Amino acid sequence: LRIRHSPLVVLDDMGAAHFSPSGFLASLVDDIVDAVYQQCHKLILTTDLAMLPDPKEPGKPCLAHLVSKRVMSRIKDAGVIETKLGGRL
């Protein structure tokens, strides 16, 4: 991946609608996050999804259900997670 040479990677609009049952996007996100993590680069990921499941809405998709546990761990290890839910920026 050429991402390995980029000091900043942006994954924009990572909503549930973009993830298919084939797992292609989840696999690609896994590769990208892994490359960014291994090279200690910065990652900006935007999504309209909650990071973790909401116990009040058990069927609602969240990022943790769409990517691997390893990817979620690496996203958390990146340091700063800012959530902006509801409304547009």
# chains A, B, ... in the order shown; residues from 1 in each chain; ligands from 1
>>> residues_around(residues="region 38-50 of chain A", least_positions_apart="3", cutoff="8 Å", atoms="only C-alpha atoms", output="list in words")
Arg4, Ser6, Pro7, Leu8, Val9, Val10, Leu11, Asp12, Asp13, Met14, Gly15, Ala16, Val33, Asp34, Ala35, Pro53, Asp54, Pro61, Cys62, Leu63, Ala78, Thr83 and Leu85 of chain A
>>> write_last_selection(atoms="all heavy atoms", output="compact mmCIF listing (two decimals), in the first residue's frame")
# COMPACT_ATOMS: atom_id res chain seq x y z
N ARG A 4 1.74 3.59 3.31
CA ARG A 4 2.89 3.48 4.19
C ARG A 4 3.81 4.69 4.12
O ARG A 4 4.60 4.93 5.01
CB ARG A 4 3.67 2.22 3.87
CG ARG A 4 2.88 0.97 4.14
CD ARG A 4 3.60 -0.25 3.63
NE ARG A 4 2.67 -1.31 3.36
CZ ARG A 4 2.50 -2.37 4.13
NH1 ARG A 4 3.21 -2.52 5.19
NH2 ARG A 4 1.62 -3.29 3.82
N SER A 6 2.60 7.85 3.66
CA SER A 6 1.81 9.04 3.95
C SER A 6 1.78 9.30 5.45
O SER A 6 1.38 8.43 6.21
CB SER A 6 0.37 8.86 3.45
OG SER A 6 0.36 8.62 2.07
N PRO A 7 2.17 10.50 5.89
CA PRO A 7 2.18 10.77 7.33
C PRO A 7 0.77 10.93 7.91
O PRO A 7 0.58 10.81 9.11
CB PRO A 7 2.97 12.07 7.45
CG PRO A 7 2.84 12.71 6.11
CD PRO A 7 2.71 11.60 5.12
N LEU A 8 -0.22 11.18 7.06
CA LEU A 8 -1.60 11.34 7.50
C LEU A 8 -2.51 10.63 6.51
O LEU A 8 -2.41 10.83 5.30
CB LEU A 8 -1.98 12.83 7.58
CG LEU A 8 -3.44 13.13 7.90
CD1 LEU A 8 -3.78 12.68 9.32
CD2 LEU A 8 -3.72 14.61 7.72
N VAL A 9 -3.42 9.81 7.03
CA VAL A 9 -4.39 9.09 6.21
C VAL A 9 -5.78 9.46 6.71
O VAL A 9 -6.03 9.48 7.91
CB VAL A 9 -4.18 7.57 6.30
CG1 VAL A 9 -5.26 6.82 5.54
CG2 VAL A 9 -2.80 7.19 5.79
N VAL A 10 -6.68 9.76 5.77
CA VAL A 10 -8.05 10.11 6.11
C VAL A 10 -8.99 9.07 5.50
O VAL A 10 -8.97 8.85 4.29
CB VAL A 10 -8.43 11.52 5.59
CG1 VAL A 10 -9.87 11.85 5.94
CG2 VAL A 10 -7.48 12.57 6.16
N LEU A 11 -9.78 8.44 6.34
CA LEU A 11 -10.85 7.55 5.89
C LEU A 11 -12.15 8.28 6.20
O LEU A 11 -12.55 8.41 7.36
CB LEU A 11 -10.80 6.21 6.63
CG LEU A 11 -9.54 5.37 6.43
CD1 LEU A 11 -9.59 4.11 7.29
CD2 LEU A 11 -9.37 5.01 4.98
N ASP A 12 -12.79 8.78 5.17
CA ASP A 12 -13.96 9.65 5.35
C ASP A 12 -15.25 8.89 5.10
O ASP A 12 -15.35 8.08 4.18
CB ASP A 12 -13.84 10.83 4.38
CG ASP A 12 -14.89 11.89 4.61
OD1 ASP A 12 -15.34 12.04 5.77
OD2 ASP A 12 -15.25 12.57 3.64
N ASP A 13 -16.26 9.18 5.93
CA ASP A 13 -17.61 8.67 5.76
C ASP A 13 -17.68 7.15 5.82
O ASP A 13 -18.19 6.49 4.92
CB ASP A 13 -18.22 9.19 4.46
CG ASP A 13 -19.72 9.00 4.40
OD1 ASP A 13 -20.34 8.81 5.46
OD2 ASP A 13 -20.27 9.02 3.29
N MET A 14 -17.15 6.59 6.88
CA MET A 14 -17.14 5.13 7.06
C MET A 14 -18.46 4.66 7.66
O MET A 14 -18.51 4.19 8.79
CB MET A 14 -15.98 4.74 7.97
CG MET A 14 -14.62 5.04 7.41
SD MET A 14 -14.17 3.94 6.08
CE MET A 14 -14.23 2.39 6.91
N GLY A 15 -19.54 4.82 6.93
CA GLY A 15 -20.85 4.42 7.40
C GLY A 15 -21.16 2.97 7.09
O GLY A 15 -20.53 2.32 6.26
N ALA A 16 -22.17 2.44 7.78
CA ALA A 16 -22.56 1.04 7.63
C ALA A 16 -22.97 0.70 6.20
O ALA A 16 -22.78 -0.43 5.74
CB ALA A 16 -23.70 0.71 8.58
N VAL A 33 -5.53 0.49 8.28
CA VAL A 33 -5.28 0.81 9.69
C VAL A 33 -4.00 0.13 10.17
O VAL A 33 -3.20 0.72 10.89
CB VAL A 33 -6.49 0.43 10.58
CG1 VAL A 33 -6.15 0.56 12.06
CG2 VAL A 33 -7.69 1.31 10.23
N ASP A 34 -3.78 -1.10 9.73
CA ASP A 34 -2.56 -1.82 10.11
C ASP A 34 -1.32 -1.09 9.58
O ASP A 34 -0.34 -0.91 10.31
CB ASP A 34 -2.58 -3.25 9.59
CG ASP A 34 -1.43 -4.07 10.10
OD1 ASP A 34 -1.21 -4.10 11.33
OD2 ASP A 34 -0.71 -4.65 9.27
N ALA A 35 -1.35 -0.64 8.34
CA ALA A 35 -0.21 0.07 7.75
C ALA A 35 0.05 1.38 8.49
O ALA A 35 1.20 1.71 8.80
CB ALA A 35 -0.46 0.34 6.27
N PRO A 53 -21.23 -0.71 20.58
CA PRO A 53 -22.68 -0.95 20.61
C PRO A 53 -23.36 -0.13 21.71
O PRO A 53 -22.79 0.06 22.79
CB PRO A 53 -22.81 -2.45 20.90
CG PRO A 53 -21.48 -3.03 20.69
CD PRO A 53 -20.47 -1.94 20.80
N ASP A 54 -24.55 0.31 21.43
CA ASP A 54 -25.36 1.02 22.42
C ASP A 54 -26.32 0.02 23.04
O ASP A 54 -27.17 -0.53 22.35
CB ASP A 54 -26.13 2.15 21.73
CG ASP A 54 -26.95 3.00 22.69
OD1 ASP A 54 -27.09 2.62 23.88
OD2 ASP A 54 -27.44 4.05 22.26
N PRO A 61 -26.23 -0.67 13.99
CA PRO A 61 -24.83 -0.91 13.61
C PRO A 61 -23.87 0.04 14.33
O PRO A 61 -24.22 1.17 14.67
CB PRO A 61 -24.79 -0.64 12.11
CG PRO A 61 -26.17 -0.44 11.67
CD PRO A 61 -27.02 -0.22 12.86
N CYS A 62 -22.68 -0.45 14.58
CA CYS A 62 -21.62 0.37 15.15
C CYS A 62 -20.31 -0.06 14.49
O CYS A 62 -20.22 -1.13 13.90
CB CYS A 62 -21.54 0.22 16.66
SG CYS A 62 -21.02 -1.40 17.20
N LEU A 63 -19.30 0.78 14.60
CA LEU A 63 -18.03 0.49 13.96
C LEU A 63 -17.43 -0.82 14.47
O LEU A 63 -16.86 -1.59 13.70
CB LEU A 63 -17.06 1.65 14.17
CG LEU A 63 -15.84 1.66 13.27
CD1 LEU A 63 -16.23 1.73 11.80
CD2 LEU A 63 -14.91 2.80 13.62
N ALA A 78 -4.64 4.67 19.01
CA ALA A 78 -4.16 5.86 18.32
C ALA A 78 -4.22 7.09 19.23
O ALA A 78 -3.54 8.06 18.98
CB ALA A 78 -4.97 6.09 17.04
N THR A 83 -16.16 12.24 19.22
CA THR A 83 -17.44 11.82 18.67
C THR A 83 -18.33 13.03 18.43
O THR A 83 -18.49 13.86 19.31
CB THR A 83 -18.15 10.85 19.64
OG1 THR A 83 -17.26 9.81 19.95
CG2 THR A 83 -19.39 10.29 19.03
N LEU A 85 -22.03 13.17 17.16
CA LEU A 85 -23.24 12.49 16.70
C LEU A 85 -24.40 13.47 16.67
O LEU A 85 -24.52 14.35 17.51
CB LEU A 85 -23.60 11.33 17.63
CG LEU A 85 -22.57 10.20 17.67
CD1 LEU A 85 -22.96 9.18 18.72
CD2 LEU A 85 -22.44 9.52 16.32
>>> select_by_dssp(residues="chain A", states="alpha helix (DSSP H)", output="NGL selection string")
:A and (24-38 or 63-66 or 69-77)
>>> select_by_dssp(residues="chain A", states="strand (DSSP E)", output="PyMOL selection string")
chain A and resi 8-11+42-45
>>> residues_around(residues="Met72 (chain A)", least_positions_apart="3", cutoff="10 Å", atoms="only C-alpha atoms", output="number ranges by chain")
A: 30, 33, 51-52, 63-69, 75-78
>>> atom_distance(atom1="CA of Phe19 (chain A)", atom2="CA of Lys56 (chain A)")
23.0 Å
>>> atom_distance(atom1="CA of Pro58 (chain A)", atom2="CA of Ala17 (chain A)")
17.7 Å
